[in-house]
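Enquirer: Provided herewith is a single structure, encoded as structure tokens, for subsequent inquiry.
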Amino acid sequence: MQDEPTPIELTKAVADFLRNDITPLISGHQAFKLRVAVNILDLVARQLTREEGSDAREVERLRTLLGTEGSVAELNRVLAERIAKGEVDLATPGLSEHLWATTMDKLAVDQPNYASYKRELGREG
């Protein structure tokens, strides 16, 4: 284990520095590219923060759904193969709930300000 600051703290610090101290100093296309870079750093920080928990929940759902063990990548490959073969479909108990939960976890990282995502969070809470 590394001492502090953590990778999450470092990533957030760089993003905040660029957003608050550098962005006001530039304009035009360079400002656009800087906003893209800041958004990438924000995305990485969210991935680092949420990935372990969301992957663990996804693996548990997939194990239950598929009745087999494996990593998140392996289990998703098995699920895709079973869907392609017609062995699993939306009538399969637990599949639609798994897909919804996985989508919400991915949106929490990729698009946490997406209006539809926020609306769905309000319905769940």
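Within each chain, counting starts at residue 1; across the structure tokens, chains are named A, B, ... in the order shown, with ligands numbered 1 upward in that order.
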Could you give me, as an MDAnalysis selection string, the residues within 12 Å of range 83-99 of chain A, counting only C-alpha atoms and dropping anything in the same chain fewer than 5 positions from it?

Expert: chainID A and resid 54 57:66 76:78 104:106

Enquirer: Find the spatial neighbours of Ile40 in chain A, counting only C-alpha atoms, within a cut-off of 12 Å - ignore same-chain residues fewer than 2 positions away - and output them as a list in words.

Expert: Thr11, Lys12, Val14, Ala15, Leu18, Arg19, Lys33, Leu34, Arg35, Val36, Ala37, Val38, Asp42, Leu43, Val44, Ala45, Arg46, Gln47, Val109, Asp110 and Gln111 of chain A
